[in-house]
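Here the structure is laid out as structure tokens; the discussion comes afterwards.
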Amino acid sequence: MISQAEYKRRRQRLVEAMGEGAIAVIPTAREQRRNRDNDYPFRPHSDFLYLTGFDEPGAVAVLFKQGRRTRFVLFCRERHPEQETWTGRRAGTEGARQRYGADESHPLEQLDQHLPRLLQGRERLYYPLADDADFDQRIMGWLRQAQGQNRAGIQAPRQIIASDTLLHEMRLIKSPAEIKLMRRAAQISAQAHCRAMRACRPGLHEYALEAELLYHFRRHGCETAYPSIVGGGDNACILHYTRNDAPLADGDLVLIDAGAEFRHYAADITRTFPVNGRFSPPQRALYQLVLKTQRAAINQIKPGRHWNQAHQAAVRVLTHGLVELGLLKGKPRDLIRAEAYRRFYMHRTGHWLGMDVHDVGDYRRDGRWRELVPGMVLTVEPGLYIPRGSKGVAKQWQGMGIRIEDDVLVTKEGCEVLTADVPKDIEHIEALMAQ
């Protein structure tokens, strides 16, 4: 759990970074309609949640400095016994103060009344620009009202700054409490992947393995961090395949990319394994190359290394291996320069991980790749994809998509693989599937 003391420190840190004369207005996400009389499950906006811990829809946080203190004003839905009977209990304005540490709270319906007042006397507004077009219009209206007091000598913000310029830098470095939650998300996700491996056999459909994952996630208090990918055979060559409705064929590989979200923190794991529990020689050769590539990339994860070094290592190992297997022809150095590997490996080797599965934070700063520091969490996920019908490729390699992905924490000494509980060595995978 993230304590209220930690949420308070985050708000204080943001307000200090904004400087004197600034105010932040951070709304959460809206409820989204799925179809008639039916909404998608609500998930708060991660920036809003990071600052407040408040998980109800439609809320707005306002932060500013008053004297030497950080002020936190929360607008939220008021208690309504009749509506709560239908849609669940609410914190209300009293709960916003008592349970979430708001210094001041108001019903959501009073935004138009209070926001122009709160904006008065401020020089700069920090706000998530272009995230919600309707709310953007309301912000402009409140600014016009506040600026209407200029003749009375009351200042209003003349500058709007994207709040993510500060917030996303804060979110990039995880606190000990965040890392604890991410370890739990990784553990539950690893257990789910092992469950799917044990359940796999020819004749099942992809959705049967997805069901094993979902069961384990929900049984342990998690949601899915993103739509699960379960692709057998040629479907594994579709990077964002989510239909998950094809039968699993004897002799094929199946790729599973799935992760749990535990208390709003994500895991992201990919494993590839044989449907029948035994790798064929061509499958073994390609798989070993991807595994060797991933290990080379993980070896680059340590403080002081830059973000792109893992990808560079992956490209080098993968290209040399493709030449050795006869899938590429030429000198590896020339092939890397020409990006010839992109025919079989078209994505990068990882991304930031946190409250969002593709988490926030710049990869480059001032034109340079970002240097890794302790507390960052990233994925390492090289792959090879050779669809059926690939011209000039021997049939033994076709119809295989292989990706191996782990979640890696940068530590003071180097790195920690958070998702190490799910096997990736061939002998360990085959032993688990034989159970």
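Going by the structure tokens order, chains are called A, B, ..., each with residues numbered from 1, while ligands are numbered from 1 in the order shown.
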Please tabulate, as a tab-separated table, the residues of range 178-282 of chain A that come within 12 Å of range 335-344 of chain A, each with its closest pair of atoms and the distance in Å to one decimal, counting only C-alpha atoms and ordering rows by chain, then residue number upward.
residue	atom	partner	partner_atom	distance
A:Cys237	CA	A:Phe344	CA	9.4
A:Ile238	CA	A:Phe344	CA	11.8
A:Leu239	CA	A:Phe344	CA	11.6
Selected residues written out, C-alpha atoms, as a tab-separated table (two decimals), in the first residue's frame:
chain	number	residue	atom	x	y	z
A	237	CYS	CA	3.97	-12.87	-35.44
A	238	ILE	CA	1.21	-10.27	-34.90
A	239	LEU	CA	2.76	-8.05	-32.25
>> Just want the 6 Å neighbourhood of Gly233 in chain A, counted on only C-alpha atoms, with same-chain residues fewer than 2 positions away dropped. Output as a list in words.
In response: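 Final neighbour list, sorted by chain and number: Asn235, Ala236, Asp252, Leu253, Gly399 and Met400 of chain A.
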>> Need the shell around Glu223 in chain A: protein/DNA/RNA residues with any atom at most 12 Å away, counting only C-alpha atoms. Skip same-chain ones fewer than 3 positions apart. Format as JSON, numbers by chain?
In response: {"A": [41, 42, 43, 185, 188, 189, 213, 214, 215, 216, 217, 218, 219, 220, 226, 227, 228, 258, 259, 260, 261, 262, 263, 264, 265, 266, 267]}
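Atom pair CA of Gln398 in chain A / CA of Arg195 in chain A has a distance of 27.6 Å (rounded to one decimal).
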>> Residues within 7 Å of range 305-308 of chain A, please, as an MDAnalysis selection string. Count only C-alpha atoms; anything in the same chain fewer than 6 positions from it doesn't count.
In response: chainID A and resid 363 369:372
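Excluding range 62-66 of chain A itself and same-chain residues fewer than 4 positions from it, the residues having an atom within 8 Å of it are Arg11, Val15, Glu20, Gly21, Ala22, Ile23, Ala24, Val25, Ile26, Thr70, Arg71, Phe72, Val73 and Leu74 of chain A, counting only C-alpha atoms.
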